[in-house]
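Enquirer: This is protein_1.cif (mmCIF, C-alpha atoms).
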```
data_protein
loop_
_atom_site.label_atom_id
_atom_site.label_comp_id
_atom_site.auth_asym_id
_atom_site.auth_seq_id
_atom_site.Cartn_x
_atom_site.Cartn_y
_atom_site.Cartn_z
CA MET A 1 0.00 0.00 0.00
CA GLN A 2 1.76 3.18 -1.20
CA ASN A 3 2.40 5.67 1.62
CA ALA A 4 0.38 3.62 4.08
CA ASN A 5 0.45 5.32 7.44
CA ARG A 6 1.51 3.42 10.56
CA VAL A 7 -0.17 5.15 13.49
CA LEU A 8 -0.05 5.00 17.30
CA ARG A 9 -3.30 6.20 18.82
CA LEU A 10 -3.91 6.96 22.49
CA THR A 11 -6.53 4.47 23.67
CA SER A 12 -6.34 4.72 27.48
CA ARG A 13 -5.08 7.20 30.03
CA PRO A 14 -2.35 6.16 32.47
CA ASP A 15 -2.70 6.67 36.20
CA GLY A 16 1.07 6.56 36.59
CA LEU A 17 3.89 5.74 34.21
CA PRO A 18 3.01 5.59 30.49
CA GLY A 19 3.63 2.44 28.46
CA PRO A 20 2.64 0.41 25.40
CA GLU A 21 -0.64 -0.65 27.04
CA HIS A 22 -1.99 2.89 26.57
CA PHE A 23 -1.64 2.87 22.78
CA THR A 24 -2.94 0.97 19.76
CA LEU A 25 -0.80 0.51 16.65
CA THR A 26 -2.60 0.38 13.31
CA ASP A 27 -1.72 0.50 9.61
CA GLU A 28 -4.01 2.88 7.75
CA PRO A 29 -4.28 3.71 4.05
CA GLY A 30 -2.86 7.03 2.89
CA ARG A 31 -5.47 9.51 1.69
CA ALA A 32 -5.30 11.87 -1.26
CA LEU A 33 -3.85 15.30 -0.54
CA ALA A 34 -5.97 18.44 -0.56
CA PRO A 35 -4.56 21.71 -1.93
CA GLY A 36 -2.02 23.15 0.50
CA GLU A 37 -1.16 19.78 2.07
CA VAL A 38 1.97 17.63 2.11
CA ARG A 39 2.69 14.02 2.95
CA ILE A 40 5.74 13.47 5.09
CA ALA A 41 7.83 10.38 5.72
CA SER A 42 8.76 10.85 9.36
CA SER A 43 12.37 9.86 10.03
CA PHE A 44 12.84 10.78 13.70
CA ILE A 45 10.25 11.35 16.42
CA SER A 46 11.10 13.14 19.64
CA ILE A 47 10.09 11.56 22.96
CA ASP A 48 9.50 14.30 25.53
CA PRO A 49 8.21 14.62 29.12
CA ALA A 50 5.35 16.85 27.90
CA MET A 51 3.82 13.83 26.18
CA ARG A 52 2.79 12.41 29.56
CA VAL A 53 0.94 15.65 30.36
CA TRP A 54 -0.80 15.52 26.98
CA MET A 55 -2.10 12.05 27.86
CA ASP A 56 -4.13 13.48 30.76
CA GLU A 57 -7.50 15.20 30.66
CA ARG A 58 -6.56 17.89 33.16
CA PRO A 59 -5.97 21.35 31.69
CA GLY A 60 -2.49 22.51 30.81
CA TYR A 61 -0.95 25.10 28.56
CA THR A 62 -2.15 23.03 25.60
CA PRO A 63 -5.20 20.73 25.29
CA GLY A 64 -4.78 17.05 26.06
CA VAL A 65 -4.90 14.33 23.40
CA LYS A 66 -8.37 12.80 23.11
CA LEU A 67 -8.80 9.05 23.29
CA GLY A 68 -8.62 7.58 19.81
CA GLU A 69 -6.52 10.42 18.44
CA VAL A 70 -3.01 10.09 17.04
CA MET A 71 -0.62 10.70 19.92
CA ARG A 72 0.94 14.14 19.73
CA ALA A 73 4.72 14.27 19.21
CA LEU A 74 7.37 16.40 17.53
CA ALA A 75 9.08 14.91 14.48
CA VAL A 76 11.48 15.53 11.63
CA GLY A 77 10.86 14.07 8.19
CA GLU A 78 11.03 14.38 4.42
CA VAL A 79 8.27 15.60 2.12
CA VAL A 80 7.34 12.71 -0.18
CA GLU A 81 4.26 14.25 -1.84
CA SER A 82 3.19 17.87 -2.04
CA ARG A 83 0.32 20.09 -3.12
CA ALA A 84 1.71 23.07 -1.24
CA ASP A 85 3.72 25.98 -2.59
CA GLY A 86 7.17 26.28 -1.04
CA LEU A 87 7.32 22.68 0.18
CA ALA A 88 8.75 20.57 -2.62
CA VAL A 89 9.22 16.82 -2.61
CA GLY A 90 12.57 16.09 -0.97
CA ALA A 91 12.41 19.01 1.46
CA TRP A 92 13.13 18.26 5.12
CA VAL A 93 10.64 19.64 7.62
CA GLU A 94 9.90 19.64 11.33
CA GLY A 95 6.65 19.98 13.24
CA THR A 96 4.15 18.38 15.57
CA PHE A 97 3.40 15.45 13.28
CA GLY A 98 2.49 12.89 15.95
CA LEU A 99 3.35 9.22 16.39
CA GLN A 100 2.83 8.21 12.77
CA SER A 101 5.00 7.21 9.86
CA HIS A 102 3.42 9.19 6.98
CA PRO A 103 1.44 12.14 8.35
CA VAL A 104 -0.52 14.44 6.07
CA VAL A 105 -0.39 18.04 7.27
CA SER A 106 -1.12 21.52 5.98
CA SER A 107 1.81 23.61 4.83
CA GLY A 108 1.46 25.82 7.91
CA GLN A 109 2.17 22.86 10.19
CA ALA A 110 5.50 21.99 8.56
CA ARG A 111 8.56 24.19 9.08
CA LEU A 112 11.46 23.88 6.64
CA VAL A 113 14.71 22.56 8.12
CA ASP A 114 17.78 24.63 7.24
CA ALA A 115 20.27 21.96 6.16
CA ARG A 116 23.05 24.56 6.21
CA LEU A 117 22.87 24.58 10.01
CA GLY A 118 22.76 20.84 10.65
CA SER A 119 21.47 17.36 9.94
CA PRO A 120 17.93 16.06 10.56
CA GLU A 121 19.22 14.49 13.80
CA ASP A 122 20.48 17.91 14.90
CA TYR A 123 16.88 19.15 14.72
CA LEU A 124 15.98 16.64 17.43
CA THR A 125 18.73 17.84 19.76
CA LEU A 126 21.01 20.83 19.34
CA LEU A 127 18.89 22.75 16.80
CA GLY A 128 15.55 21.31 17.92
CA LEU A 129 13.37 21.75 20.94
CA PRO A 130 16.06 20.78 23.50
CA GLY A 131 18.67 23.22 22.22
CA VAL A 132 16.29 26.10 21.64
CA THR A 133 14.67 25.51 25.03
CA ALA A 134 18.04 25.58 26.77
CA HIS A 135 19.17 28.71 24.94
CA LEU A 136 15.95 30.67 25.45
CA GLY A 137 15.68 29.65 29.09
CA LEU A 138 19.19 30.83 29.84
CA PHE A 139 19.15 34.10 27.93
CA GLU A 140 15.53 35.24 27.46
CA ILE A 141 14.26 34.08 30.86
CA ALA A 142 17.31 34.01 33.17
CA GLY A 143 19.36 36.78 31.56
CA LEU A 144 22.54 34.75 31.97
CA LYS A 145 25.77 36.61 32.78
CA SER A 146 29.35 35.41 32.53
CA GLY A 147 30.86 34.33 35.83
CA GLU A 148 27.61 33.11 37.36
CA THR A 149 26.94 29.69 38.89
CA VAL A 150 24.31 27.72 37.01
CA LEU A 151 22.62 24.67 38.53
CA VAL A 152 20.53 22.41 36.27
CA SER A 153 18.43 19.36 37.10
CA ALA A 154 18.02 16.33 34.80
CA ALA A 155 21.45 17.40 33.63
CA SER A 156 22.10 14.39 31.39
CA GLY A 157 18.77 14.74 29.56
CA GLY A 158 18.05 16.39 26.23
CA VAL A 159 17.67 19.92 27.63
CA GLY A 160 19.89 19.65 30.69
CA GLN A 161 23.01 18.53 28.82
CA LEU A 162 22.78 21.62 26.60
CA VAL A 163 21.96 24.05 29.41
CA GLY A 164 25.23 23.13 31.07
CA GLN A 165 27.35 23.29 27.94
CA ILE A 166 25.89 26.62 26.78
CA ALA A 167 26.42 28.17 30.20
CA ARG A 168 30.04 26.95 30.29
CA ALA A 169 30.63 28.34 26.80
CA TYR A 170 29.52 31.73 28.14
CA GLY A 171 31.92 31.64 31.07
CA CYS A 172 29.77 30.22 33.87
CA ARG A 173 30.41 27.58 36.51
CA VAL A 174 28.01 24.69 35.88
CA VAL A 175 26.69 22.09 38.30
CA GLY A 176 24.38 19.27 37.20
CA ILE A 177 21.90 17.25 39.25
CA CYS A 178 21.52 13.69 37.95
CA GLY A 179 19.99 10.37 38.95
CA GLY A 180 22.82 7.96 39.69
CA ALA A 181 26.59 7.85 39.56
CA ALA A 182 26.73 6.86 35.87
CA LYS A 183 24.84 9.95 34.74
CA CYS A 184 26.93 12.18 37.01
CA GLU A 185 30.04 10.74 35.39
CA MET A 186 28.51 11.33 31.97
CA VAL A 187 27.94 15.06 32.47
CA LEU A 188 31.43 15.50 33.90
CA ARG A 189 33.36 13.54 31.28
CA GLU A 190 31.26 14.03 28.14
CA PHE A 191 29.70 17.45 28.65
CA GLY A 192 32.38 19.18 30.71
CA PHE A 193 30.32 20.20 33.74
CA ASP A 194 32.32 21.56 36.67
CA ALA A 195 30.52 19.38 39.20
CA ALA A 196 27.69 16.85 39.40
CA VAL A 197 25.43 15.85 42.28
CA ASP A 198 23.50 12.58 42.55
CA HIS A 199 19.95 13.21 43.78
CA SER A 200 19.58 9.56 44.85
CA GLN A 201 20.48 10.32 48.45
CA SER A 202 18.81 11.66 51.58
CA ASP A 203 17.73 15.29 51.82
CA ALA A 204 20.52 16.02 54.30
CA ASP A 205 23.18 14.45 52.08
CA LEU A 206 21.81 16.13 48.96
CA ASN A 207 21.83 19.53 50.67
CA ARG A 208 25.40 18.93 51.80
CA ALA A 209 26.48 17.87 48.30
CA LEU A 210 24.86 20.93 46.72
CA ALA A 211 26.59 23.22 49.23
CA GLU A 212 29.95 21.64 48.37
CA ALA A 213 29.33 21.88 44.62
CA CYS A 214 28.04 25.48 44.84
CA PRO A 215 30.13 27.04 47.65
CA ASN A 216 29.15 30.59 46.63
CA GLY A 217 25.49 29.75 46.01
CA VAL A 218 23.43 29.52 42.82
CA ASP A 219 22.68 32.44 40.50
CA VAL A 220 20.56 30.53 37.98
CA TYR A 221 18.68 27.32 38.67
CA PHE A 222 17.31 25.70 35.51
CA ASP A 223 14.64 23.28 36.70
CA ASN A 224 13.49 20.33 34.60
CA VAL A 225 12.24 18.19 37.48
CA GLY A 226 10.22 20.10 40.09
CA GLY A 227 9.18 18.66 43.44
CA ARG A 228 11.83 17.67 45.95
CA ILE A 229 14.76 18.69 43.74
CA LEU A 230 13.35 22.20 43.29
CA GLU A 231 12.94 22.48 47.05
CA MET A 232 16.54 21.39 47.64
CA ALA A 233 17.85 23.85 45.05
CA LEU A 234 16.05 26.77 46.69
CA ASN A 235 18.16 26.22 49.80
CA HIS A 236 21.23 27.35 47.85
CA ILE A 237 20.14 30.37 45.82
CA ARG A 238 21.99 33.68 46.04
CA ASP A 239 20.50 37.15 46.25
CA PHE A 240 18.61 38.03 43.06
CA ALA A 241 18.83 34.48 41.73
CA ARG A 242 16.65 33.44 38.80
CA ILE A 243 14.82 30.12 38.84
CA VAL A 244 13.78 28.96 35.36
CA ILE A 245 10.85 26.52 35.44
CA CYS A 246 11.20 24.46 32.26
CA GLY A 247 9.72 21.11 33.33
CA ARG A 248 8.43 19.09 36.26
CA ILE A 249 8.87 15.48 35.20
CA SER A 250 8.87 14.26 38.80
CA GLN A 251 5.32 15.56 39.22
CA THR A 252 3.63 14.53 35.96
CA ALA A 253 3.31 10.75 36.01
CA GLY A 254 0.89 10.15 38.84
CA GLN A 255 3.37 10.58 41.69
CA PRO A 256 2.19 12.41 44.82
CA VAL A 257 2.74 16.14 44.33
CA HIS A 258 5.61 17.32 46.51
CA PRO A 259 4.74 20.48 48.48
CA ILE A 260 7.49 23.12 48.34
CA GLY A 261 8.08 24.14 51.94
CA ASN A 262 10.80 26.76 51.58
CA LEU A 263 9.44 29.36 49.17
CA GLY A 264 10.41 31.89 51.79
CA GLU A 265 13.92 31.65 50.30
CA MET A 266 12.53 33.53 47.30
CA LEU A 267 11.67 36.47 49.55
CA VAL A 268 14.84 36.38 51.62
CA HIS A 269 17.01 36.42 48.48
CA ARG A 270 14.70 38.65 46.36
CA ALA A 271 14.79 35.92 43.74
CA ARG A 272 12.64 35.50 40.65
CA MET A 273 10.95 32.29 39.46
CA GLN A 274 9.44 32.09 35.99
CA GLY A 275 7.95 29.32 33.91
CA PHE A 276 8.16 29.35 30.13
CA THR A 277 7.46 27.40 26.98
CA VAL A 278 9.41 27.84 23.76
CA GLY A 279 6.19 28.29 21.82
CA ASP A 280 5.89 31.77 23.34
CA HIS A 281 9.22 32.79 21.81
CA PHE A 282 9.12 31.72 18.16
CA HIS A 283 10.59 35.07 17.14
CA CYS A 284 13.81 34.12 18.99
CA TRP A 285 14.28 30.69 17.39
CA PRO A 286 16.34 31.73 14.31
CA ALA A 287 18.91 33.67 16.35
CA ALA A 288 19.10 30.91 18.97
CA ARG A 289 19.75 28.29 16.29
CA GLN A 290 22.45 30.39 14.68
CA ASP A 291 24.21 30.74 18.03
CA LEU A 292 23.85 27.04 18.83
CA ALA A 293 25.32 26.08 15.45
CA ARG A 294 28.21 28.49 16.02
CA LEU A 295 28.98 26.99 19.44
CA ARG A 296 28.88 23.48 17.95
CA ASP A 297 31.21 24.47 15.11
CA GLU A 298 33.63 25.93 17.65
CA GLY A 299 33.69 22.59 19.46
CA LEU A 300 31.86 23.87 22.54
CA LEU A 301 28.66 21.80 22.25
CA ARG A 302 27.94 18.14 21.70
CA THR A 303 24.81 16.06 22.19
CA GLU A 304 23.93 12.54 23.22
CA LEU A 305 20.96 11.02 21.38
CA HIS A 306 19.32 7.85 22.72
CA LEU A 307 17.55 6.26 19.76
CA LEU A 308 15.18 3.29 19.70
CA GLU A 309 14.44 1.76 16.33
CA GLY A 310 10.88 1.61 15.00
CA LEU A 311 7.71 3.61 15.57
CA GLU A 312 6.24 0.74 17.57
CA ASN A 313 8.89 1.38 20.24
CA ALA A 314 7.79 4.97 20.90
CA PRO A 315 5.68 3.93 23.94
CA VAL A 316 8.62 1.90 25.25
CA ALA A 317 10.85 4.96 24.88
CA LEU A 318 8.32 7.11 26.73
CA GLY A 319 8.30 4.70 29.64
CA MET A 320 12.11 4.62 29.68
CA LEU A 321 12.19 8.41 29.87
CA PHE A 322 10.01 8.48 32.96
CA ARG A 323 11.97 5.70 34.62
CA GLY A 324 15.20 7.59 34.04
CA GLU A 325 16.59 4.90 31.74
CA ASN A 326 17.50 7.27 28.91
CA ARG A 327 21.06 8.28 28.17
CA GLY A 328 20.70 11.73 26.67
CA LYS A 329 17.88 12.93 24.44
CA MET A 330 15.22 10.22 23.88
CA ALA A 331 13.86 9.63 20.37
CA VAL A 332 12.81 6.92 17.93
CA ARG A 333 13.88 6.35 14.35
CA VAL A 334 10.95 5.45 12.10
CA LEU A 335 11.86 2.46 9.92
#
```
Now that the file is in, can you turn its structure into structure tokens?
Expert:
Amino acid sequence: MQNANRVLRLTSRPDGLPGPEHFTLTDEPGRALAPGEVRIASSFISIDPAMRVWMDERPGYTPGVKLGEVMRALAVGEVVESRADGLAVGAWVEGTFGLQSHPVVSSGQARLVDARLGSPEDYLTLLGLPGVTAHLGLFEIAGLKSGETVLVSAASGGVGQLVGQIARAYGCRVVGICGGAAKCEMVLREFGFDAAVDHSQSDADLNRALAEACPNGVDVYFDNVGGRILEMALNHIRDFARIVICGRISQTAGQPVHPIGNLGEMLVHRARMQGFTVGDHFHCWPAARQDLARLRDEGLLRTELHLLEGLENAPVALGMLFRGENRGKMAVRVL
């Protein structure tokens, strides 16, 4: 069947961790294109913490996925059929194409990939959502300055690994919080962090380790985790620190919500805490990508991509992400 579409639809809502049992895989015939539409052969699909939020009914900054719908996901692929001006067959594009092999989308839903800046894989990591998120969070939200101490949670993940490397490239001391000794070693050896702290220890030991790693306190805390780790980080902020709320993976998969008991530190240190999503800053994406490509070309940035093979393994990858089993940015290659 030419351009048949392999699709993963959300068919039940998880109470806790997501997994294959919440999806149904089907092969569906490709339909004819309407004017202004393109058919894409997805090559890589990003697996992100936000997908777990989209699986819920509760309100968020974007509507949840309805039962029976194609599961929402970001992807990079090649145009294989087109009835849209400006999107020729053979063009590489990115967008929210979902967990499917051959999505049909309108031209407005597909953004051209600039091959001069990087490969399709780069648009999953360095030049994609992780890299742009890291860059915008540090500069547009935190107003990063050279010489500051930057603390980042989930430091070995897709966003965290780049937060640390970008901050170091701009002259900052960087400390990563990771789950386990292996990931701490990874951010030190492979990404050049100045220090790494394992959060798999008691509150007292974690506080002590953070104090040792950040002896002069924290100017910018880039939070990808929320909950207990956010609370521990607040114990170490300096005056006028900026806390960037990028994600809260520890609080989005059915775990008990951790109450933050020390928000008074925000008052004592006249600190600022701000949440953000990259979708609010599309006007900044081109400049961010140019800077990220420059830093890569100067040898200051590298990325770790954890790929599973086959669309059918996307739910497996999502479960791995929430169990902390990923090594770097999680994604699947569509075969």
Enquirer: Using all atoms listed in the file for the distances, tell me which of A:Val225, A:Asp122, A:Cys214, A:Pro35 is nearest to A:His199.
Expert: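 Going through A:Val225, A:Asp122, A:Cys214, A:Pro35 one by one, the smallest distance to A:His199 is for A:Val225.
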Enquirer: Show me, as a ChimeraX atom specification, the residues that have an atom within 10 Å of A:Pro315 when counting only C-alpha atoms, minus same-chain residues fewer than 5 positions from it.
Expert: /A:8,18-23,47,99,320-321,332
Enquirer: Could you please take those selected residues and save C-alpha atoms as an mmCIF file, in the frame of the given file?
Expert:
```
data_model
loop_
_atom_site.group_PDB
_atom_site.id
_atom_site.type_symbol
_atom_site.label_atom_id
_atom_site.label_comp_id
_atom_site.auth_asym_id
_atom_site.auth_seq_id
_atom_site.Cartn_x
_atom_site.Cartn_y
_atom_site.Cartn_z
ATOM 1 C CA LEU A 8 -0.050 5.000 17.300
ATOM 2 C CA PRO A 18 3.010 5.590 30.490
ATOM 3 C CA GLY A 19 3.630 2.440 28.460
ATOM 4 C CA PRO A 20 2.640 0.410 25.400
ATOM 5 C CA GLU A 21 -0.640 -0.650 27.040
ATOM 6 C CA HIS A 22 -1.990 2.890 26.570
ATOM 7 C CA PHE A 23 -1.640 2.870 22.780
ATOM 8 C CA ILE A 47 10.090 11.560 22.960
ATOM 9 C CA LEU A 99 3.350 9.220 16.390
ATOM 10 C CA MET A 320 12.110 4.620 29.680
ATOM 11 C CA LEU A 321 12.190 8.410 29.870
ATOM 12 C CA VAL A 332 12.810 6.920 17.930
#
```
Enquirer: Report, in Å with one decimal, the straight-line distance from atom CA of A:His102 to atom CA of A:Ala50.
Expert: 22.4 Å
Enquirer: For stretch 191-227 of chain A against stretch 152-169 of chain A, with a cut-off of 6 Å and counting all atoms listed in the file, what is the closest atom pair and its distance in Å to one decimal for every residue that makes the cut, ordered by chain and number, as a tab-separated table?
Expert:
```
residue	atom	partner	partner_atom	distance
A:Tyr221	CA	A:Val152	CA	5.8
A:Phe222	CA	A:Val152	CA	4.7
A:Asp223	CA	A:Ser153	CA	5.5
A:Asn224	CA	A:Ser153	CA	5.6
```
Enquirer: Produce a file of the selected residues containing C-alpha atoms, as a PDB file, in the frame of the given file.
Expert:
```
ATOM      1  CA  TYR A 221      18.680  27.320  38.670  1.00  0.00           C
ATOM      2  CA  PHE A 222      17.310  25.700  35.510  1.00  0.00           C
ATOM      3  CA  ASP A 223      14.640  23.280  36.700  1.00  0.00           C
ATOM      4  CA  ASN A 224      13.490  20.330  34.600  1.00  0.00           C
TER       5      ASN A 224
END
```
Enquirer: Need the shell around A:Pro63: protein/DNA/RNA residues with any atom at most 12 Å away, counting only C-alpha atoms. Skip same-chain ones fewer than 6 positions apart. Format as a ChimeraX atom specification?
Expert: /A:50-51,53-57,72
Enquirer: Which residue out of A:Ala182, A:Leu25, A:Leu210, A:Leu112 has the minimum interatomic distance to A:Val7 when only C-alpha atoms are used?
Expert: A:Leu25
Enquirer: Evaluated on this file, the PyMOL selection byres ((chain A and resi 267) around 12) picks out some residues - which ones are they, written as a VMD selection string?
Expert: chain A and resid 234 237 to 241 262 to 266 268 to 273
Enquirer: Can you work out the spacing between atom CA of A:Gly279 and atom CA of A:Lys183 in Å, to one decimal?
Expert: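 Interatomic distance here is 29.2 Å.
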Enquirer: So which one's closest to A:Gln201, A:Val220, A:Ile243, A:Met71, A:Ile229? Using only C-alpha atoms, please.
Expert: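 Result for the nearest residue to A:Gln201: A:Ile229.
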Enquirer: Which residue, A:Cys178, A:Leu126, A:Ala233, A:Leu138, has the smallest gap to A:Glu325 when you use only C-alpha atoms?
Expert: A:Cys178
Enquirer: Run the PyMOL selection byres ((chain A and resi 100) around 12) on the file and write out the hits as a PyMOL selection string.
Expert: chain A and resi 3-10+24-28+30+39-46+69-77+96-99+101-105+310-314+332-335
Enquirer: Rebuild stretch 251-276 of chain A to N, CA and C atoms - output it as a CSV table (one decimal), in the coordinates of the input, please.
Expert:
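Contents of the output file selection35.csv:
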```
chain,number,residue,atom,x,y,z
A,251,GLN,N,6.7,15.3,38.7
A,251,GLN,CA,5.3,15.6,39.2
A,251,GLN,C,4.2,15.3,38.2
A,252,THR,N,4.6,14.6,37.1
A,252,THR,CA,3.6,14.5,36.0
A,252,THR,C,3.2,13.1,35.6
A,253,ALA,N,3.6,12.1,36.4
A,253,ALA,CA,3.3,10.8,36.0
A,253,ALA,C,2.6,10.0,37.2
A,254,GLY,N,1.7,10.8,37.8
A,254,GLY,CA,0.9,10.2,38.8
A,254,GLY,C,1.5,10.1,40.2
A,255,GLN,N,2.8,10.6,40.4
A,255,GLN,CA,3.4,10.6,41.7
A,255,GLN,C,2.7,11.6,42.6
A,256,PRO,N,2.7,11.4,43.9
A,256,PRO,CA,2.2,12.4,44.8
A,256,PRO,C,2.9,13.7,44.6
A,257,VAL,N,2.1,14.8,44.5
A,257,VAL,CA,2.7,16.1,44.3
A,257,VAL,C,3.5,16.5,45.6
A,258,HIS,N,4.7,17.0,45.4
A,258,HIS,CA,5.6,17.3,46.5
A,258,HIS,C,5.4,18.8,46.9
A,259,PRO,N,4.9,19.1,48.1
A,259,PRO,CA,4.7,20.5,48.5
A,259,PRO,C,6.1,21.2,48.7
A,260,ILE,N,6.2,22.4,48.2
A,260,ILE,CA,7.5,23.1,48.3
A,260,ILE,C,7.4,23.9,49.6
A,261,GLY,N,8.2,23.6,50.6
A,261,GLY,CA,8.1,24.1,51.9
A,261,GLY,C,9.0,25.3,52.2
A,262,ASN,N,9.8,25.7,51.3
A,262,ASN,CA,10.8,26.8,51.6
A,262,ASN,C,10.7,27.9,50.6
A,263,LEU,N,9.6,28.2,50.1
A,263,LEU,CA,9.4,29.4,49.2
A,263,LEU,C,9.8,30.7,49.8
A,264,GLY,N,9.9,30.7,51.1
A,264,GLY,CA,10.4,31.9,51.8
A,264,GLY,C,11.8,32.3,51.3
A,265,GLU,N,12.6,31.3,50.8
A,265,GLU,CA,13.9,31.6,50.3
A,265,GLU,C,13.8,32.6,49.1
A,266,MET,N,12.7,32.6,48.4
A,266,MET,CA,12.5,33.5,47.3
A,266,MET,C,12.5,35.0,47.8
A,267,LEU,N,11.8,35.1,48.9
A,267,LEU,CA,11.7,36.5,49.6
A,267,LEU,C,13.0,36.9,50.2
A,268,VAL,N,13.6,36.0,50.9
A,268,VAL,CA,14.8,36.4,51.6
A,268,VAL,C,15.9,36.8,50.6
A,269,HIS,N,16.0,36.1,49.5
A,269,HIS,CA,17.0,36.4,48.5
A,269,HIS,C,16.5,37.3,47.3
A,270,ARG,N,15.3,37.8,47.4
A,270,ARG,CA,14.7,38.6,46.4
A,270,ARG,C,14.9,38.0,45.0
A,271,ALA,N,14.6,36.7,44.9
A,271,ALA,CA,14.8,35.9,43.7
A,271,ALA,C,13.6,36.0,42.8
A,272,ARG,N,13.7,35.5,41.6
A,272,ARG,CA,12.6,35.5,40.6
A,272,ARG,C,12.5,34.1,40.1
A,273,MET,N,11.3,33.6,40.0
A,273,MET,CA,11.0,32.3,39.5
A,273,MET,C,10.0,32.5,38.3
A,274,GLN,N,10.3,31.9,37.2
A,274,GLN,CA,9.4,32.1,36.0
A,274,GLN,C,9.4,30.8,35.2
A,275,GLY,N,8.2,30.4,34.8
A,275,GLY,CA,8.0,29.3,33.9
A,275,GLY,C,7.9,29.8,32.5
A,276,PHE,N,8.2,28.9,31.5
A,276,PHE,CA,8.2,29.4,30.1
A,276,PHE,C,8.0,28.1,29.2
```
